[in-house]
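What's in run-v4.tsv: TSV, C-alpha atoms
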```tsv
chain	number	residue	atom	x	y	z
A	1339	MET	CA	-28.97	48.30	48.10
A	1340	THR	CA	-27.87	45.49	45.78
A	1341	GLY	CA	-25.94	45.31	42.53
A	1342	SER	CA	-24.42	42.66	40.31
A	1343	ASN	CA	-22.81	41.78	37.02
A	1344	ALA	CA	-21.91	38.46	35.39
A	1345	HIS	CA	-19.08	37.70	37.89
A	1346	THR	CA	-19.77	39.89	40.93
A	1347	ARG	CA	-22.55	40.53	43.45
A	1348	TRP	CA	-22.67	43.26	46.05
A	1349	TRP	CA	-25.07	44.63	48.65
A	1350	THR	CA	-25.18	46.58	51.87
A	1351	ASP	CA	-25.97	44.95	55.20
A	1352	GLY	CA	-26.58	47.82	57.62
A	1353	ALA	CA	-23.42	49.96	57.64
A	1354	VAL	CA	-21.36	47.24	55.95
A	1355	GLY	CA	-20.94	46.72	52.20
A	1356	VAL	CA	-20.39	43.14	50.99
A	1357	ILE	CA	-18.75	42.17	47.68
A	1358	VAL	CA	-18.73	38.58	46.42
A	1359	LEU	CA	-16.49	37.46	43.55
A	1360	ASP	CA	-18.97	35.13	41.90
A	1361	ASN	CA	-17.42	33.04	39.16
A	1362	PRO	CA	-16.69	29.80	41.00
A	1363	PRO	CA	-15.06	27.41	41.41
A	1364	MET	CA	-11.88	29.56	41.32
A	1365	ASN	CA	-13.32	33.08	40.99
A	1366	VAL	CA	-10.51	33.99	38.59
A	1367	LEU	CA	-10.02	37.68	37.91
A	1368	SER	CA	-12.09	38.79	34.93
A	1369	ASP	CA	-13.03	42.15	33.48
A	1370	ASP	CA	-16.44	41.67	35.10
A	1371	ASN	CA	-15.27	41.11	38.66
A	1372	ARG	CA	-12.50	43.73	38.39
A	1373	ARG	CA	-15.13	46.26	37.25
A	1374	GLY	CA	-17.63	44.89	39.79
A	1375	ILE	CA	-15.26	45.64	42.69
A	1376	ARG	CA	-14.78	49.21	41.50
A	1377	GLU	CA	-18.51	49.81	40.88
A	1378	ALA	CA	-19.46	48.32	44.25
A	1379	LEU	CA	-16.94	50.52	46.09
A	1380	ALA	CA	-18.20	53.62	44.26
A	1381	GLU	CA	-21.78	52.80	45.31
A	1382	PHE	CA	-20.72	52.03	48.91
A	1383	HIS	CA	-18.93	55.37	48.95
A	1384	ASP	CA	-22.10	57.19	47.83
A	1385	ARG	CA	-24.17	55.36	50.45
A	1386	GLY	CA	-21.63	56.00	53.21
A	1387	ALA	CA	-20.87	52.34	54.01
A	1388	ALA	CA	-18.59	52.34	57.05
A	1389	ALA	CA	-16.68	49.14	56.21
A	1390	VAL	CA	-16.57	46.54	53.44
A	1391	VAL	CA	-16.23	42.74	53.32
A	1392	LEU	CA	-14.79	41.10	50.17
A	1393	THR	CA	-15.13	37.35	49.68
A	1394	GLY	CA	-15.34	34.62	47.03
A	1395	ALA	CA	-18.32	32.42	46.09
A	1396	GLY	CA	-18.16	28.66	46.63
A	1397	GLU	CA	-15.91	26.55	48.83
A	1398	ARG	CA	-12.72	26.33	46.81
A	1399	ALA	CA	-11.41	29.81	46.29
A	1400	PHE	CA	-11.39	33.38	47.47
A	1401	CYS	CA	-9.78	34.29	44.16
A	1402	GLY	CA	-7.60	32.11	41.95
A	1403	GLY	CA	-5.83	35.12	40.44
A	1404	ALA	CA	-5.55	36.07	36.81
A	1405	ASP	CA	-6.93	33.84	34.07
A	1406	LEU	CA	-3.88	31.74	33.13
A	1407	LYS	CA	-5.11	31.41	29.56
A	1408	GLU	CA	-5.31	35.20	29.30
A	1409	GLU	CA	-1.86	35.54	30.89
A	1410	GLY	CA	-0.40	32.93	28.55
A	1411	GLU	CA	-1.56	34.95	25.54
A	1412	LEU	CA	-0.18	38.29	26.72
A	1413	THR	CA	2.22	40.05	24.35
A	1414	THR	CA	4.35	43.17	24.64
A	1415	GLU	CA	1.40	45.02	23.07
A	1416	THR	CA	-1.26	43.79	25.50
A	1417	VAL	CA	0.64	43.44	28.78
A	1418	ASP	CA	0.48	47.13	29.73
A	1419	ARG	CA	-3.29	47.20	29.52
A	1420	PHE	CA	-3.44	43.96	31.54
A	1421	LEU	CA	-1.24	45.39	34.32
A	1422	GLN	CA	-3.21	48.64	34.30
A	1423	ARG	CA	-6.57	46.88	34.73
A	1424	GLY	CA	-5.19	44.95	37.70
A	1425	ASP	CA	-3.72	48.07	39.24
A	1426	GLU	CA	-6.96	50.05	38.92
A	1427	THR	CA	-8.74	47.41	40.97
A	1428	PHE	CA	-6.00	46.89	43.55
A	1429	ARG	CA	-5.66	50.67	43.99
A	1430	ALA	CA	-9.43	51.04	44.40
A	1431	LEU	CA	-9.23	48.74	47.46
A	1432	ARG	CA	-6.14	50.42	48.86
A	1433	GLU	CA	-7.43	53.95	48.35
A	1434	TYR	CA	-11.03	53.33	49.41
A	1435	GLU	CA	-11.51	55.57	52.45
A	1436	ARG	CA	-13.03	52.84	54.67
A	1437	PRO	CA	-11.40	49.62	55.83
A	1438	ILE	CA	-11.95	46.51	53.71
A	1439	VAL	CA	-11.98	43.06	55.31
A	1440	ALA	CA	-11.11	40.08	53.08
A	1441	ALA	CA	-13.00	36.93	54.07
A	1442	VAL	CA	-10.61	34.33	52.66
A	1443	ASN	CA	-12.80	31.26	52.12
A	1444	GLY	CA	-10.35	29.13	50.10
A	1445	TRP	CA	-7.44	29.65	47.70
A	1446	ALA	CA	-5.98	33.14	47.38
A	1447	MET	CA	-3.25	32.67	44.80
A	1448	GLY	CA	-1.28	34.91	42.47
A	1449	GLY	CA	-3.34	38.00	41.66
A	1450	GLY	CA	-5.98	36.68	44.10
A	1451	LEU	CA	-3.41	36.91	46.87
A	1452	VAL	CA	-2.61	40.46	45.75
A	1453	LEU	CA	-6.32	41.25	46.05
A	1454	ALA	CA	-6.46	39.83	49.60
A	1455	LEU	CA	-3.24	41.60	50.61
A	1456	TRP	CA	-4.43	45.02	49.42
A	1457	CYS	CA	-7.43	44.66	51.76
A	1458	ASP	CA	-6.89	46.17	55.20
A	1459	LEU	CA	-7.65	43.07	57.24
A	1460	ARG	CA	-7.93	39.39	56.40
A	1461	VAL	CA	-9.87	36.71	58.22
A	1462	GLY	CA	-9.85	33.16	56.94
A	1463	SER	CA	-11.72	29.90	57.13
A	1464	THR	CA	-9.84	26.71	57.93
A	1465	ARG	CA	-9.94	26.11	54.14
A	1466	ALA	CA	-7.93	29.27	53.37
A	1467	LYS	CA	-4.73	28.66	51.41
A	1468	LEU	CA	-2.38	31.44	50.37
A	1469	GLY	CA	0.14	31.12	47.55
A	1470	ALA	CA	2.49	33.67	45.98
A	1471	VAL	CA	2.49	31.38	42.95
A	1472	GLY	CA	3.62	33.91	40.33
A	1473	VAL	CA	7.13	32.45	40.23
A	1474	LYS	CA	5.75	28.97	39.47
A	1475	VAL	CA	4.30	30.17	36.17
A	1476	GLY	CA	7.36	32.22	35.27
A	1477	LEU	CA	5.98	35.54	36.53
A	1478	MET	CA	5.89	37.54	39.74
A	1479	ALA	CA	3.14	39.07	41.84
A	1480	SER	CA	2.60	40.32	45.40
A	1481	ASN	CA	6.29	41.18	45.96
A	1482	VAL	CA	5.49	44.68	47.09
A	1483	GLN	CA	2.55	43.73	49.32
A	1484	LEU	CA	4.26	40.81	51.04
A	1485	SER	CA	7.40	42.86	51.63
A	1486	ARG	CA	5.28	45.44	53.45
A	1487	LEU	CA	3.02	43.11	55.43
A	1488	LEU	CA	5.75	40.71	56.48
A	1489	PHE	CA	9.31	41.46	57.25
A	1490	GLU	CA	11.77	40.51	54.57
A	1491	GLY	CA	12.90	37.18	56.01
A	1492	ARG	CA	9.48	35.60	55.63
A	1493	ALA	CA	8.48	37.50	52.50
A	1494	ARG	CA	11.49	36.04	50.68
A	1495	ASP	CA	10.59	32.50	51.72
A	1496	LEU	CA	7.03	32.79	50.33
A	1497	LEU	CA	8.01	34.66	47.16
A	1498	LEU	CA	11.02	32.59	46.18
A	1499	THR	CA	9.42	29.18	46.73
A	1500	GLY	CA	5.80	29.91	45.76
A	1501	ARG	CA	4.83	27.45	48.48
A	1502	THR	CA	1.33	27.05	49.90
A	1503	VAL	CA	0.60	28.67	53.25
A	1504	GLU	CA	-2.26	26.92	55.04
A	1505	ALA	CA	-4.70	28.84	57.27
A	1506	ASP	CA	-2.96	28.09	60.58
A	1507	GLU	CA	0.45	29.21	59.34
A	1508	ALA	CA	-1.08	32.31	57.73
A	1509	HIS	CA	-2.59	33.13	61.12
A	1510	ARG	CA	0.77	32.66	62.84
A	1511	LEU	CA	2.49	34.89	60.27
A	1512	GLY	CA	-0.15	37.59	60.72
A	1513	LEU	CA	-1.47	37.31	57.17
A	1514	LEU	CA	-4.84	36.22	58.61
A	1515	SER	CA	-6.13	37.96	61.75
A	1516	SER	CA	-8.35	35.03	62.71
A	1517	VAL	CA	-9.23	31.56	61.42
A	1518	VAL	CA	-12.71	30.03	61.90
A	1519	PRO	CA	-14.66	27.05	60.52
A	1520	PRO	CA	-16.04	27.74	57.02
A	1521	GLU	CA	-19.65	28.25	58.15
A	1522	GLN	CA	-18.53	30.92	60.62
A	1523	LEU	CA	-16.40	32.90	58.16
A	1524	MET	CA	-18.98	35.47	57.02
A	1525	PRO	CA	-20.28	36.13	60.57
A	1526	GLU	CA	-16.62	36.57	61.65
A	1527	ALA	CA	-15.82	38.97	58.79
A	1528	LEU	CA	-19.04	40.92	59.40
A	1529	ALA	CA	-18.19	41.13	63.11
A	1530	TRP	CA	-14.79	42.71	62.30
A	1531	ALA	CA	-16.50	45.08	59.83
A	1532	ARG	CA	-19.19	46.08	62.36
A	1533	ASP	CA	-16.56	46.71	65.04
A	1534	ILE	CA	-14.87	49.04	62.58
A	1535	ALA	CA	-18.21	50.64	61.66
A	1536	ALA	CA	-18.79	51.44	65.34
A	1537	GLN	CA	-15.68	53.66	65.49
A	1538	PRO	CA	-15.75	57.40	64.70
A	1539	PRO	CA	-15.71	57.52	60.87
A	1540	ASP	CA	-13.29	60.42	60.43
A	1541	VAL	CA	-10.79	58.82	62.76
A	1542	VAL	CA	-11.02	55.48	60.94
A	1543	THR	CA	-10.46	57.17	57.57
A	1544	ALA	CA	-7.46	59.06	58.90
A	1545	LEU	CA	-6.04	55.91	60.47
A	1546	LYS	CA	-6.31	53.87	57.25
A	1547	ARG	CA	-4.50	56.61	55.37
A	1548	ALA	CA	-1.86	56.88	58.09
A	1549	VAL	CA	-1.09	53.16	58.11
A	1550	ASN	CA	-1.09	53.00	54.29
A	1551	THR	CA	1.68	55.57	54.17
A	1552	ALA	CA	3.47	54.70	57.42
A	1553	LEU	CA	6.21	52.71	55.70
A	1554	ASP	CA	6.77	55.25	52.94
A	1555	PRO	CA	10.11	57.00	53.13
A	1556	VAL	CA	9.68	60.34	54.89
A	1557	VAL	CA	11.32	63.25	53.12
A	1558	THR	CA	12.14	65.70	55.88
A	1559	ALA	CA	13.53	69.18	55.41
A	1560	SER	CA	16.91	68.08	56.72
A	1561	ALA	CA	17.06	65.04	54.41
A	1562	ARG	CA	16.20	66.93	51.22
B	1096	MET	CA	24.29	22.71	45.49
B	1097	THR	CA	27.51	21.74	47.19
B	1098	ALA	CA	28.01	18.40	48.89
B	1099	PRO	CA	26.77	18.22	52.48
B	1100	GLY	CA	29.51	19.01	54.97
B	1101	VAL	CA	29.96	19.02	58.68
B	1102	GLU	CA	30.27	22.79	59.05
B	1103	HIS	CA	27.92	24.50	61.46
B	1104	VAL	CA	27.12	27.21	58.96
B	1105	ARG	CA	27.07	26.76	55.21
B	1106	ILE	CA	26.05	29.14	52.46
B	1107	VAL	CA	24.72	27.12	49.55
B	1108	GLU	CA	23.78	28.48	46.17
B	1109	MET	CA	20.64	26.90	44.79
B	1110	SER	CA	19.48	28.14	41.37
B	1111	ASP	CA	21.19	31.51	42.06
B	1112	ILE	CA	19.40	31.81	45.41
B	1113	THR	CA	21.78	31.90	48.37
B	1114	VAL	CA	20.56	29.68	51.20
B	1115	ALA	CA	22.14	29.66	54.66
B	1116	VAL	CA	22.04	26.18	56.19
B	1117	VAL	CA	22.75	26.47	59.90
B	1118	ALA	CA	23.43	23.37	61.99
B	1119	GLY	CA	25.12	24.75	65.10
B	1120	PHE	CA	26.47	27.86	66.80
B	1121	CYS	CA	26.25	30.91	64.54
B	1122	ALA	CA	27.74	34.22	65.70
B	1123	GLY	CA	30.12	36.96	64.59
B	1124	ALA	CA	31.17	36.79	60.95
B	1125	ASP	CA	29.01	33.67	60.42
B	1126	PHE	CA	25.97	35.55	61.67
B	1127	GLU	CA	26.65	38.44	59.28
B	1128	THR	CA	27.04	36.06	56.36
B	1129	VAL	CA	23.83	34.25	57.24
B	1130	LEU	CA	21.90	37.54	57.35
B	1131	GLY	CA	23.11	38.29	53.82
B	1132	ALA	CA	21.61	35.09	52.34
B	1133	ASP	CA	18.28	35.07	50.49
B	1134	LEU	CA	16.84	32.23	52.62
B	1135	ARG	CA	17.77	30.70	55.98
B	1136	ILE	CA	17.03	27.19	57.25
B	1137	ALA	CA	18.31	25.47	60.40
B	1138	GLY	CA	18.69	22.24	62.32
B	1139	ASP	CA	17.17	22.11	65.79
B	1140	GLY	CA	20.62	22.44	67.39
B	1141	ALA	CA	21.31	25.82	65.78
B	1142	THR	CA	21.85	28.92	67.93
B	1143	PHE	CA	22.25	32.50	66.78
B	1144	SER	CA	23.98	35.46	68.35
B	1145	ALA	CA	25.01	38.90	67.11
B	1146	ALA	CA	28.03	38.82	69.43
B	1147	GLY	CA	31.31	39.57	67.73
B	1148	VAL	CA	29.99	40.92	64.44
B	1149	ALA	CA	32.46	43.17	62.61
B	1150	ASP	CA	29.88	45.78	61.55
B	1151	PRO	CA	27.16	46.03	64.22
B	1152	VAL	CA	25.41	48.94	62.46
B	1153	ALA	CA	25.01	47.09	59.17
B	1154	CYS	CA	23.96	44.03	61.14
B	1155	ALA	CA	21.29	46.02	63.00
B	1156	ARG	CA	19.86	47.44	59.77
B	1157	ARG	CA	19.79	44.05	58.13
B	1158	LEU	CA	18.14	42.41	61.15
B	1159	ALA	CA	15.48	45.12	61.36
B	1160	ARG	CA	14.59	44.53	57.72
B	1161	LEU	CA	14.46	40.79	58.13
B	1162	LEU	CA	12.61	40.62	61.45
B	1163	GLY	CA	11.24	44.05	62.28
B	1164	GLU	CA	12.46	46.53	64.84
B	1165	ALA	CA	11.25	44.82	68.02
B	1166	ARG	CA	12.89	41.49	67.31
B	1167	ALA	CA	16.02	43.05	65.87
B	1168	LYS	CA	16.54	45.06	69.05
B	1169	GLU	CA	15.85	42.00	71.20
B	1170	ILE	CA	18.71	40.17	69.51
B	1171	ILE	CA	21.22	42.94	68.94
B	1172	LEU	CA	20.65	45.23	71.94
B	1173	GLY	CA	19.41	42.56	74.34
B	1174	ALA	CA	22.45	40.48	73.37
B	1175	ARG	CA	20.23	37.40	73.30
B	1176	THR	CA	21.37	34.04	72.02
B	1177	VAL	CA	18.44	32.65	70.08
B	1178	ASP	CA	17.83	28.91	69.73
B	1179	ALA	CA	16.37	27.31	66.60
B	1180	ALA	CA	12.77	27.46	67.82
B	1181	GLY	CA	13.22	31.12	68.75
B	1182	ALA	CA	14.77	31.85	65.36
B	1183	LEU	CA	11.79	30.24	63.62
B	1184	ARG	CA	9.31	32.15	65.75
B	1185	ARG	CA	11.06	35.43	64.95
B	1186	GLY	CA	11.36	34.70	61.23
B	1187	LEU	CA	15.17	34.68	61.41
B	1188	VAL	CA	14.98	31.25	59.76
B	1189	THR	CA	11.93	29.98	57.89
B	1190	ARG	CA	12.34	26.24	58.46
B	1191	VAL	CA	13.73	24.10	61.29
B	1192	VAL	CA	14.14	20.31	61.30
B	1193	PRO	CA	15.99	17.80	63.51
B	1194	ALA	CA	19.75	18.03	62.91
B	1195	ALA	CA	19.84	14.62	61.18
B	1196	ALA	CA	17.26	15.78	58.63
B	1197	LEU	CA	18.91	19.12	57.78
B	1198	ASP	CA	20.76	17.92	54.67
B	1199	GLU	CA	17.61	16.25	53.43
B	1200	MET	CA	15.64	19.48	53.91
B	1201	ALA	CA	18.34	21.42	52.04
B	1202	ARG	CA	18.10	18.92	49.17
B	1203	ALA	CA	14.30	19.22	49.12
B	1204	LEU	CA	14.56	23.01	48.97
B	1205	ASP	CA	17.12	22.71	46.18
B	1206	ASP	CA	14.74	20.40	44.27
B	1207	ARG	CA	11.92	22.86	44.77
B	1208	LEU	CA	13.96	25.81	43.50
B	1209	ARG	CA	15.25	23.79	40.54
B	1210	ALA	CA	11.66	23.03	39.54
B	1211	LEU	CA	10.93	26.75	39.17
B	1212	PRO	CA	11.57	28.74	35.98
B	1213	PRO	CA	15.04	30.29	36.44
B	1214	LEU	CA	14.29	33.68	34.86
B	1215	ALA	CA	11.30	34.28	37.12
B	1216	LEU	CA	13.19	33.05	40.16
B	1217	ARG	CA	16.05	35.46	39.45
B	1218	ALA	CA	13.62	38.30	38.76
B	1219	VAL	CA	11.84	37.73	42.08
B	1220	ARG	CA	15.20	37.55	43.86
B	1221	ASP	CA	16.33	40.83	42.27
B	1222	ALA	CA	13.01	42.58	42.91
B	1223	VAL	CA	12.94	41.53	46.56
B	1224	ARG	CA	16.56	42.61	47.03
B	1225	ALA	CA	15.84	45.98	45.39
B	1226	ALA	CA	12.49	46.59	47.10
B	1227	ARG	CA	14.01	47.67	50.38
B	1228	GLU	CA	15.66	50.70	48.75
B	1229	LEU	CA	12.53	51.81	46.87
B	1230	THR	CA	9.29	53.62	47.62
B	1231	PRO	CA	6.23	51.38	47.26
B	1232	LEU	CA	5.32	52.98	43.92
B	1233	ASP	CA	8.82	52.54	42.55
B	1234	ALA	CA	8.86	48.95	43.81
B	1235	LEU	CA	5.56	48.31	42.02
B	1236	ALA	CA	6.95	49.89	38.84
B	1237	LEU	CA	9.97	47.58	39.08
B	1238	GLU	CA	7.70	44.57	39.61
B	1239	HIS	CA	5.76	45.56	36.47
B	1240	GLU	CA	8.97	45.99	34.49
B	1241	HIS	CA	9.97	42.41	35.34
B	1242	PHE	CA	6.43	41.17	34.63
B	1243	ARG	CA	6.44	42.75	31.14
B	1244	ARG	CA	9.66	40.96	30.29
B	1245	LEU	CA	8.64	37.64	31.87
B	1246	VAL	CA	5.30	37.29	30.02
B	1247	THR	CA	7.24	37.07	26.76
B	1248	THR	CA	9.53	34.24	27.92
B	1249	GLN	CA	9.25	30.67	26.64
B	1250	ASP	CA	9.26	29.38	30.20
B	1251	HIS	CA	6.09	31.33	31.05
B	1252	LYS	CA	4.33	29.94	27.96
B	1253	ALA	CA	5.63	26.46	28.86
B	1254	ALA	CA	4.26	26.78	32.42
B	1255	VAL	CA	0.82	27.79	31.15
B	1256	ALA	CA	0.76	24.98	28.55
B	1257	ALA	CA	1.81	22.41	31.16
B	1258	PHE	CA	-0.92	23.63	33.53
B	1259	PHE	CA	-3.66	23.08	30.96
B	1260	GLU	CA	-2.20	19.73	29.90
B	1261	ARG	CA	-1.97	18.68	33.60
B	1262	ARG	CA	1.73	17.81	33.48
B	1263	GLU	CA	4.95	19.10	35.02
B	1264	PRO	CA	6.54	21.87	32.95
B	1265	ALA	CA	10.12	21.64	31.65
B	1266	PHE	CA	11.96	24.96	31.81
B	1267	THR	CA	14.84	26.01	29.60
B	1268	GLY	CA	15.70	29.38	31.12
B	1269	GLN	CA	14.61	31.13	27.92
```
Please lay out the structure from this file as structure tokens.
Amino acid sequence: MTGSNAHTRWWTDGAVGVIVLDNPPMNVLSDDNRRGIREALAEFHDRGAAAVVLTGAGERAFCGGADLKEEGELTTETVDRFLQRGDETFRALREYERPIVAAVNGWAMGGGLVLALWCDLRVGSTRAKLGAVGVKVGLMASNVQLSRLLFEGRARDLLLTGRTVEADEAHRLGLLSSVVPPEQLMPEALAWARDIAAQPPDVVTALKRAVNTALDPVVTASAR
Amino acid sequence: MTAPGVEHVRIVEMSDITVAVVAGFCAGADFETVLGADLRIAGDGATFSAAGVADPVACARRLARLLGEARAKEIILGARTVDAAGALRRGLVTRVVPAAALDEMARALDDRLRALPPLALRAVRDAVRAARELTPLDALALEHEHFRRLVTTQDHKAAVAAFFERREPAFTGQ
């Protein structure tokens, strides 16, 4: 199975679905690739793909985040729709019943970092660079994700400075599960996805849901 | 930023962000103060201990949020004194340099924070501080609330314009 639109390509490789953000060099978020992600996941769902790999085309970026020009022109009238379109896509990754592996091939910055962080696992090439750069352009993004994936001490450092985290540091912090040379990135991501695909599907689905909600406050009878 | 001093533990305000600069032994009330800062950096001679804190329960909660349960318990229940390298590895501080370079690192961090748009910096600070009390959905809603306000600021427009003109932006805090 294959599919595509102007900024996205997707296909299945055995039990694994692959999505490529394909508007290099920076693969900035566009209506096409936001819709492409959602369409690809819907098709993978129908075909019973057991795991998904998401990556970016080219050597420079996984995803450069929102189009700065578009962001610069946002007004109080248009910002809600903008946030909603982002959320629909991020939620589609988070709520997809199978694990999604981000293959971070270059920059993941701003909304592109959000995209990578909403995936269930991240593997990176030695070219991977992560940046919570929202603050640098007078905005904010990835607060919620970083505060969940990292403990607060480190989340604050990345969010308040907007600094660049290179692949090795990202690995040390746990934001990347492995780091490999660029030419080995897709085989590495596919290997993680196939390992997941080899597990009992119902268990995997239940586990993803369990971890997604593990940090949510529990309302117990006694606490009500 | 205040002038560099000789104290082992300083809390420095940089663009409304509180930064703990730790050069030596840090325990008790100092340790509690340091945990309350937004960011923590240290010289390689710094050591940290939860011994002698006035409110061990608050300290335990704060440590667990900053470092996670395992590392918080190691420090507070295991009564471990943690050296600078150990503090960096655990995320208790996010940068460590030789003692002689600590003031320089603090200045560099101050420069970095000053170069950021103040409204966004404060919004991120507030959102991160608030996030720990909120459910993920409420935290996301708060993030969006800040975002809606920030996109209309002059500093955001200035940052975008500077990016396309390949120059450093000048922020006014408006």
### Message
At a cut-off of 7 Å, which residues of chain A touch chain B? Count only C-alpha atoms and give the answer as a PyMOL selection string.
### Response
chain A and resi 1406+1410+1412-1414+1417+1473-1478+1481-1482+1489-1492+1494-1495+1498-1499+1554-1555
### Task
Enter the distance from atom CA of A:His1509 to atom CA of A:Asn1365, in Å, rounded to one decimal.
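A separation of 22.8 Å between them.
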### Task
Rank nothing, just name the residue among A:Gly1444, A:Gly1462, A:Gly1449, A:Gly1355 nearest to A:Gln1483, using all atoms listed in the file.
A:Gly1449
